[in-house]
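Structure data (compact mmCIF, C-alpha atoms) from entry_39.txt:
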```txt
# COMPACT_ATOMS: atom_id res chain seq x y z
CA MET C 1 -34.42 -1.48 -40.32
CA SER C 2 -35.46 0.96 -43.08
CA TRP C 3 -33.18 2.70 -45.54
CA ILE C 4 -34.93 5.89 -46.67
CA ILE C 5 -33.22 8.84 -48.34
CA THR C 6 -35.29 11.75 -49.80
CA GLY C 7 -38.32 9.52 -50.22
CA THR C 8 -36.47 6.71 -52.00
CA GLN C 9 -36.23 3.29 -50.41
CA LYS C 10 -32.73 1.84 -50.55
CA GLY C 11 -31.87 -1.83 -50.79
CA LEU C 12 -28.90 -3.79 -49.50
CA LEU C 13 -27.00 -3.35 -52.77
CA ASP C 14 -27.59 0.40 -52.74
CA THR C 15 -26.08 0.68 -49.28
CA PHE C 16 -23.33 -1.89 -49.84
CA PRO C 17 -22.51 -1.85 -53.58
CA GLY C 18 -19.88 -3.82 -55.47
CA ALA C 19 -21.32 -7.36 -55.34
CA ALA C 20 -20.25 -9.76 -58.10
CA ALA C 21 -23.55 -11.66 -57.77
CA ALA C 22 -26.60 -11.36 -55.53
CA TYR C 23 -29.51 -13.79 -55.29
CA SER C 24 -32.56 -13.27 -53.12
CA LEU C 25 -36.34 -13.60 -52.99
CA ARG C 26 -36.60 -10.00 -51.81
CA ASN C 27 -35.69 -6.85 -53.73
CA LEU C 28 -32.05 -5.93 -53.01
CA GLN C 29 -32.04 -2.69 -55.03
CA GLY C 30 -34.73 -0.67 -53.31
CA THR C 31 -36.96 1.53 -55.44
CA SER C 32 -34.80 1.13 -58.55
CA GLY C 33 -35.28 -2.64 -58.60
CA LYS C 34 -38.94 -2.98 -57.61
CA ASN C 35 -40.08 -3.86 -61.15
CA SER C 36 -37.17 -6.20 -61.93
CA ALA C 37 -37.65 -9.96 -62.10
CA ILE C 38 -35.83 -11.88 -59.39
CA VAL C 39 -36.77 -15.42 -60.43
CA ARG C 40 -37.97 -17.38 -63.46
CA VAL C 41 -40.34 -20.24 -62.60
CA ARG C 42 -41.58 -23.31 -64.49
CA ARG C 43 -44.98 -24.69 -63.53
CA SER C 44 -45.59 -28.42 -63.44
CA SER C 45 -48.98 -28.42 -65.20
CA ASP C 46 -47.67 -27.51 -68.67
CA ASN C 47 -43.95 -26.62 -68.21
CA THR C 48 -44.62 -22.99 -69.11
CA GLU C 49 -42.04 -20.53 -67.72
CA SER C 50 -42.50 -16.95 -66.53
CA ASP C 51 -40.57 -14.23 -64.67
CA PHE C 52 -41.64 -12.76 -61.32
CA THR C 53 -40.67 -9.76 -59.22
CA ALA C 54 -40.15 -9.95 -55.47
CA THR C 55 -43.62 -8.44 -54.94
CA GLU C 56 -45.21 -11.00 -57.26
CA VAL C 57 -43.49 -13.86 -55.43
CA SER C 58 -44.98 -12.80 -52.10
CA ASP C 59 -48.36 -11.22 -52.98
CA GLY C 60 -50.05 -14.30 -54.47
CA THR C 61 -49.29 -13.61 -58.15
CA LEU C 62 -46.79 -16.47 -58.44
CA ALA C 63 -49.04 -18.94 -56.63
CA ALA C 64 -52.03 -18.01 -58.79
CA TRP C 65 -49.99 -18.43 -61.98
CA VAL C 66 -48.71 -21.86 -60.92
CA GLY C 67 -52.27 -22.90 -60.03
CA ALA C 68 -53.93 -24.87 -57.28
CA GLY C 69 -52.39 -28.28 -56.74
CA ASN C 70 -49.45 -27.60 -59.06
CA ASP C 71 -45.74 -27.18 -58.28
CA GLY C 72 -43.38 -24.41 -59.35
CA PHE C 73 -39.65 -24.89 -60.00
CA VAL C 74 -36.87 -22.34 -60.34
CA ARG C 75 -35.48 -22.15 -63.86
CA THR C 76 -33.35 -19.08 -63.16
CA TRP C 77 -32.50 -17.18 -59.97
CA TYR C 78 -31.63 -13.77 -61.36
CA ASP C 79 -28.54 -11.86 -60.26
CA GLN C 80 -29.60 -8.52 -58.76
CA SER C 81 -26.05 -7.08 -58.78
CA GLY C 82 -26.39 -5.91 -62.38
CA ASN C 83 -23.59 -8.19 -63.60
CA GLY C 84 -25.87 -10.66 -65.36
CA ASN C 85 -24.69 -13.68 -63.37
CA GLY C 86 -28.04 -15.44 -63.14
CA ALA C 87 -27.96 -18.96 -61.68
CA ALA C 88 -29.92 -21.33 -63.93
CA GLN C 89 -30.91 -24.95 -64.42
CA THR C 90 -32.24 -26.15 -67.79
CA THR C 91 -32.72 -29.80 -66.75
CA THR C 92 -36.24 -29.87 -65.33
CA SER C 93 -35.59 -32.80 -62.96
CA LEU C 94 -32.77 -30.80 -61.33
CA GLN C 95 -34.68 -27.55 -60.75
CA PRO C 96 -35.28 -26.64 -57.08
CA LYS C 97 -38.83 -25.99 -55.88
CA ILE C 98 -40.42 -22.67 -54.94
CA VAL C 99 -44.13 -23.59 -55.06
CA ASN C 100 -45.59 -26.79 -53.62
CA ALA C 101 -49.19 -27.85 -54.39
CA GLY C 102 -50.14 -24.29 -55.31
CA ALA C 103 -48.55 -22.54 -52.31
CA VAL C 104 -45.31 -20.55 -52.29
CA LEU C 105 -42.82 -22.25 -49.99
CA LEU C 106 -42.10 -20.24 -46.84
CA ASN C 107 -39.42 -20.36 -44.19
CA SER C 108 -40.18 -18.33 -41.06
CA GLY C 109 -42.89 -16.56 -43.03
CA LYS C 110 -40.69 -15.52 -45.99
CA PRO C 111 -40.49 -17.10 -49.47
CA THR C 112 -37.75 -19.69 -49.88
CA ILE C 113 -36.24 -22.04 -52.45
CA ASN C 114 -36.02 -25.69 -51.47
CA PHE C 115 -33.08 -27.70 -52.81
CA SER C 116 -33.29 -31.49 -52.86
CA ASN C 117 -30.56 -33.17 -54.92
CA ASP C 118 -30.89 -30.31 -57.42
CA TYR C 119 -28.97 -27.11 -58.07
CA LEU C 120 -28.57 -23.84 -59.96
CA GLN C 121 -25.39 -22.68 -61.69
CA THR C 122 -23.69 -19.55 -62.91
CA LEU C 123 -21.35 -21.14 -65.42
CA SER C 124 -18.89 -18.25 -65.61
CA PHE C 125 -18.21 -14.79 -64.26
CA SER C 126 -16.95 -12.04 -66.56
CA SER C 127 -13.69 -12.44 -64.65
CA ALA C 128 -12.73 -14.97 -61.99
CA VAL C 129 -13.42 -13.96 -58.39
CA ALA C 130 -9.99 -14.06 -56.79
CA GLN C 131 -9.35 -13.75 -53.08
CA PRO C 132 -10.14 -11.90 -50.96
CA SER C 133 -13.87 -12.47 -51.39
CA THR C 134 -16.92 -12.52 -49.14
CA ILE C 135 -20.01 -14.72 -49.36
CA SER C 136 -23.05 -14.38 -47.11
CA ILE C 137 -25.81 -17.00 -47.28
CA LEU C 138 -29.10 -17.50 -45.43
CA LEU C 139 -29.86 -21.22 -45.16
CA ASP C 140 -31.90 -23.76 -43.23
CA HIS C 141 -31.38 -27.51 -43.20
CA PRO C 142 -32.79 -30.46 -41.21
CA ALA C 143 -31.01 -31.69 -38.14
CA GLY C 144 -28.69 -34.65 -38.59
CA LEU C 145 -25.16 -35.71 -39.30
CA VAL C 146 -25.51 -35.70 -43.08
CA THR C 147 -23.34 -33.68 -45.45
CA TYR C 148 -24.65 -30.59 -47.21
CA VAL C 149 -22.97 -28.43 -49.84
CA PHE C 150 -24.67 -25.05 -49.89
CA TYR C 151 -22.54 -23.54 -52.65
CA ASP C 152 -19.46 -24.49 -54.64
CA GLY C 153 -17.52 -23.58 -57.77
CA ILE C 154 -18.17 -25.07 -61.21
CA ASP C 155 -15.09 -27.26 -61.56
CA ALA C 156 -12.81 -29.40 -59.40
CA VAL C 157 -10.09 -26.74 -59.09
CA ASN C 158 -11.52 -23.23 -58.76
CA ARG C 159 -13.70 -23.67 -55.71
CA GLN C 160 -14.87 -21.55 -52.82
CA SER C 161 -17.51 -23.52 -50.96
CA LEU C 162 -19.48 -23.91 -47.75
CA THR C 163 -20.30 -27.41 -46.50
CA THR C 164 -21.48 -29.04 -43.31
CA GLY C 165 -21.58 -32.40 -41.58
CA GLY C 166 -22.50 -32.98 -37.96
CA PHE C 167 -23.25 -29.25 -37.58
CA GLN C 168 -19.66 -28.30 -38.31
CA TYR C 169 -19.68 -25.67 -41.03
CA THR C 170 -16.60 -25.71 -43.25
CA THR C 171 -15.41 -22.79 -45.33
CA VAL C 172 -13.29 -24.24 -48.14
CA ALA C 173 -11.05 -22.73 -50.81
CA GLY C 174 -8.48 -25.51 -51.04
CA GLN C 175 -8.15 -25.98 -47.26
CA ASN C 176 -10.82 -26.87 -44.70
CA LEU C 177 -11.57 -24.11 -42.19
CA ARG C 178 -13.99 -25.88 -39.85
CA ASN C 179 -15.64 -24.55 -36.69
CA THR C 180 -16.66 -26.48 -33.57
CA SER C 181 -20.03 -28.23 -33.32
CA ILE C 182 -23.05 -25.94 -33.24
CA SER C 183 -26.84 -26.27 -33.26
CA ASP C 184 -29.92 -24.52 -34.74
CA PRO C 185 -29.88 -25.21 -38.47
CA ARG C 186 -31.40 -21.88 -39.65
CA LYS C 187 -28.67 -19.30 -39.84
CA LEU C 188 -26.84 -16.58 -41.71
CA ILE C 189 -23.26 -17.60 -42.52
CA THR C 190 -20.62 -15.22 -43.84
CA SER C 191 -17.33 -16.61 -45.10
CA ILE C 192 -14.43 -14.27 -45.83
CA TYR C 193 -12.00 -16.08 -48.12
CA ASN C 194 -8.57 -14.55 -47.64
CA GLY C 195 -5.96 -17.31 -47.59
CA ALA C 196 -4.39 -17.79 -44.16
CA SER C 197 -6.45 -14.86 -42.83
CA SER C 198 -9.87 -16.30 -43.66
CA SER C 199 -12.84 -16.08 -41.29
CA GLN C 200 -16.31 -17.52 -40.75
CA TYR C 201 -19.23 -15.82 -39.00
CA ILE C 202 -22.52 -17.42 -37.98
CA ASP C 203 -25.38 -15.08 -37.07
CA SER C 204 -22.77 -12.30 -36.94
CA ILE C 205 -20.59 -14.17 -34.40
CA ASN C 206 -17.02 -15.08 -35.35
CA THR C 207 -16.77 -18.88 -35.15
CA ILE C 208 -13.35 -19.61 -36.68
CA ASN C 209 -10.32 -17.88 -38.20
CA GLY C 210 -7.52 -19.50 -40.16
CA ASP C 211 -6.46 -20.85 -43.54
CA SER C 212 -9.20 -21.73 -46.05
CA GLY C 213 -6.81 -22.00 -49.01
CA THR C 214 -6.28 -19.65 -51.94
CA ASN C 215 -8.70 -20.85 -54.64
CA SER C 216 -10.45 -18.38 -56.90
CA LEU C 217 -14.01 -18.82 -58.18
CA ASN C 218 -14.80 -19.01 -61.92
CA GLY C 219 -18.53 -19.63 -61.51
CA LEU C 220 -21.01 -20.68 -58.85
CA THR C 221 -23.10 -23.75 -58.04
CA ILE C 222 -25.92 -23.16 -55.56
CA GLY C 223 -27.30 -26.16 -53.67
CA ASN C 224 -24.83 -28.90 -54.55
CA LEU C 225 -21.27 -29.89 -55.45
CA TYR C 226 -19.79 -28.35 -58.58
CA ASP C 227 -20.86 -31.41 -60.61
CA GLY C 228 -24.26 -31.88 -58.93
CA SER C 229 -23.31 -35.31 -57.63
CA LEU C 230 -24.21 -34.97 -53.95
CA SER C 231 -27.37 -36.66 -52.65
CA ALA C 232 -28.67 -35.10 -49.43
CA PHE C 233 -31.80 -34.22 -47.53
CA ALA C 234 -33.69 -31.13 -48.68
CA PHE C 235 -32.70 -27.69 -47.40
CA ASP C 236 -33.69 -24.04 -47.95
CA ILE C 237 -31.77 -21.06 -49.27
CA GLN C 238 -33.32 -17.59 -49.21
CA GLU C 239 -30.40 -15.31 -50.03
CA LEU C 240 -26.77 -15.43 -51.22
CA ILE C 241 -24.55 -12.38 -51.74
CA LEU C 242 -21.05 -12.63 -53.26
CA TYR C 243 -18.55 -9.78 -53.07
CA PRO C 244 -15.20 -9.98 -54.95
CA SER C 245 -13.51 -8.26 -52.00
CA ASP C 246 -12.94 -8.43 -48.26
CA GLN C 247 -16.10 -6.95 -46.74
CA SER C 248 -14.89 -7.07 -43.13
CA SER C 249 -15.56 -3.36 -42.67
CA ASN C 250 -19.13 -3.73 -43.98
CA ARG C 251 -19.89 -7.20 -42.66
CA VAL C 252 -21.96 -6.14 -39.64
CA GLY C 253 -24.00 -3.76 -41.79
CA ILE C 254 -24.63 -6.39 -44.48
CA GLU C 255 -25.64 -8.99 -41.92
CA SER C 256 -27.84 -6.51 -40.03
CA ASN C 257 -29.65 -5.64 -43.25
CA ILE C 258 -30.33 -9.33 -43.98
CA ASN C 259 -31.36 -10.01 -40.38
CA ALA C 260 -33.71 -7.02 -40.29
CA HIS C 261 -35.72 -8.55 -43.13
CA TYR C 262 -35.55 -12.23 -42.20
CA ASN C 263 -35.40 -12.05 -38.36
CA ILE C 264 -32.74 -14.76 -38.04
CA TYR C 265 -31.07 -13.99 -34.72
```

Take the structure from the file and write it as structure tokens.
Amino acid sequence: MSWIITGTQKGLLDTFPGAAAAYSLRNLQGTSGKNSAIVRVRRSSDNTESDFTATEVSDGTLAAWVGAGNDGFVRTWYDQSGNGNGAAQTTTSLQPKIVNAGAVLLNSGKPTINFSNDYLQTLSFSSAVAQPSTISILLDHPAGLVTYVFYDGIDAVNRQSLTTGGFQYTTVAGQNLRNTSISDPRKLITSIYNGASSSQYIDSINTINGDSGTNSLNGLTIGNLYDGSLSAFAFDIQELILYPSDQSSNRVGIESNINAHYNIY
């Protein structure tokens, strides 16, 4: 799907504005964001860090900078919403990987970030994200009955999270809203946090409705529990979009935009 108006390419955030935070390895702002850095990477050879645009991540620039045989780790996943809510990790041993042995990691042909007992955090938003809110995430994890936490809050109280165990995906904001068992670990999951009227969608299909609790969100942890304490098998995240509002009316459009780029379902 292309978004073209008077010769200007539009991105997801141009078509569906108002996100509190938006993380991706593609450009979400169309022409206006093509020269903006989306990720800051540390290379293993000398621990030097540098910023890269979406084009530079995919056209070989990032891989060449990291160097043959070296690894690249994400220091900061920049927020493309314009709100400055970059998700960062200063502890080098806890930085997720984006380049392995000189090659950019790919999932279904698109760049990805691989999380393995590591995580990125936005330690605070300018104001807490109260309900209703909407979070869409593109993820891929190995098969198995292990527990994964794809995103969480930053403390034990103010938490909106998505977890899984035994292929049951649970949308949590104080209460567990859990769907029935499913398969195929690569998927786009949208959770609408709205108290007793919460919903979960997988690959644009409604899987469960009910009460997920009423927690707000003061900050965001990507790839682990709020305190980074979960040990799990490695998994990929390619995109996460957070809206501080109920995006039910735009959900299909948001998901279609993501699917058009990543070919998920």

Quick one: pull the distance between CA of Asn218 (chain C) and CA of Ser198 (chain C), Å, one decimal.
19.1 Å

Could you check the closest approach to Ser256 (chain C) for each of C:Ala234, C:Leu220, C:Asp203, C:Gly102 and tell me which residue wins, using only C-alpha atoms?
C:Asp203

For Arg251 (chain C), which of C:Gln238, C:Gln9, C:Ser50, C:Ser191 is the closest residue, counting all atoms listed in the file?
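Nearest candidate to Arg251 (chain C) out of C:Gln238, C:Gln9, C:Ser50, C:Ser191: C:Ser191.
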
For Thr134 (chain C), work out the shell of residues within 8 Å, counting all atoms listed in the file and skipping chain neighbours fewer than 6 positions away, then give it as a PDB file with C-alpha atoms, keeping the file's coordinate frame.
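Okay, selection_38.pdb is ready:
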```
ATOM      1  CA  THR C 190     -20.620 -15.220 -43.840  1.00  0.00           C
ATOM      2  CA  SER C 191     -17.330 -16.610 -45.100  1.00  0.00           C
ATOM      3  CA  ILE C 192     -14.430 -14.270 -45.830  1.00  0.00           C
ATOM      4  CA  TYR C 193     -12.000 -16.080 -48.120  1.00  0.00           C
ATOM      5  CA  LEU C 242     -21.050 -12.630 -53.260  1.00  0.00           C
ATOM      6  CA  TYR C 243     -18.550  -9.780 -53.070  1.00  0.00           C
ATOM      7  CA  PRO C 244     -15.200  -9.980 -54.950  1.00  0.00           C
ATOM      8  CA  SER C 245     -13.510  -8.260 -52.000  1.00  0.00           C
ATOM      9  CA  ASP C 246     -12.940  -8.430 -48.260  1.00  0.00           C
ATOM     10  CA  GLN C 247     -16.100  -6.950 -46.740  1.00  0.00           C
TER      11      GLN C 247
END
```

Applying 8 Å and only C-alpha atoms, which residues near Thr171 (chain C) remain after dropping the ones on its own chain fewer than 2 positions away? List them as a ChimeraX atom specification.
/C:160-163,169,173,176-178,191,200,212

Need the shell around Ala260 (chain C): protein/DNA/RNA residues with any atom at most 12 Å away, counting all atoms listed in the file. Skip same-chain ones fewer than 3 positions apart. Format as a PyMOL selection string?
chain C and resi 1-3+11-12+188+252-257+263-265

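Comparing the minimum interatomic distances between Asp118 (chain C) and each of C:Thr170, C:Thr90, C:Gln175, C:Ser133, counting all atoms listed in the file, we find that C:Thr90 sits nearest.
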
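Straight-line separation from CA of Asn107 (chain C) to CA of Asn85 (chain C): 25.1 Å.
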
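The environment of Ser127 (chain C) within 10 Å, counting all atoms listed in the file and disregarding residues fewer than 4 places along the same chain, consists of Ala20, Leu217, Asn218 and Gly219 of chain C.
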
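Neighbours of Pro111 (chain C) closer than or equal to 9 Å, with all atoms listed in the file counted and sequence neighbours fewer than 6 positions away skipped, come out as Leu25, Arg26, Val57, Ser58, Ile98, Val104, Leu105 and Gln238 of chain C.
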
Per residue of region 77-176 of chain C within 8 Å of region 69-73 of chain C, note the shortest atom pair and the distance in Å to one decimal, counting all atoms listed in the file, and order the rows by chain and increasing residue number, as JSON lines.
```
{"residue": "C:Gln95", "atom": "CA", "partner": "C:Phe73", "partner_atom": "CA", "distance": 5.7}
{"residue": "C:Pro96", "atom": "CA", "partner": "C:Phe73", "partner_atom": "CA", "distance": 5.5}
{"residue": "C:Lys97", "atom": "CA", "partner": "C:Phe73", "partner_atom": "CA", "distance": 4.3}
{"residue": "C:Ile98", "atom": "CA", "partner": "C:Phe73", "partner_atom": "CA", "distance": 5.6}
{"residue": "C:Val99", "atom": "CA", "partner": "C:Gly72", "partner_atom": "CA", "distance": 4.4}
{"residue": "C:Asn100", "atom": "CA", "partner": "C:Asp71", "partner_atom": "CA", "distance": 4.7}
{"residue": "C:Ala101", "atom": "CA", "partner": "C:Gly69", "partner_atom": "CA", "distance": 4.0}
{"residue": "C:Gly102", "atom": "CA", "partner": "C:Gly69", "partner_atom": "CA", "distance": 4.8}
```

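Going from CA of Gly18 (chain C) to CA of Trp77 (chain C) covers 18.9 Å.
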
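Nearest residue to Ser183 (chain C), choosing from C:Tyr226, C:Asn215, C:Asn206, C:Pro142 and counting only C-alpha atoms: C:Pro142.
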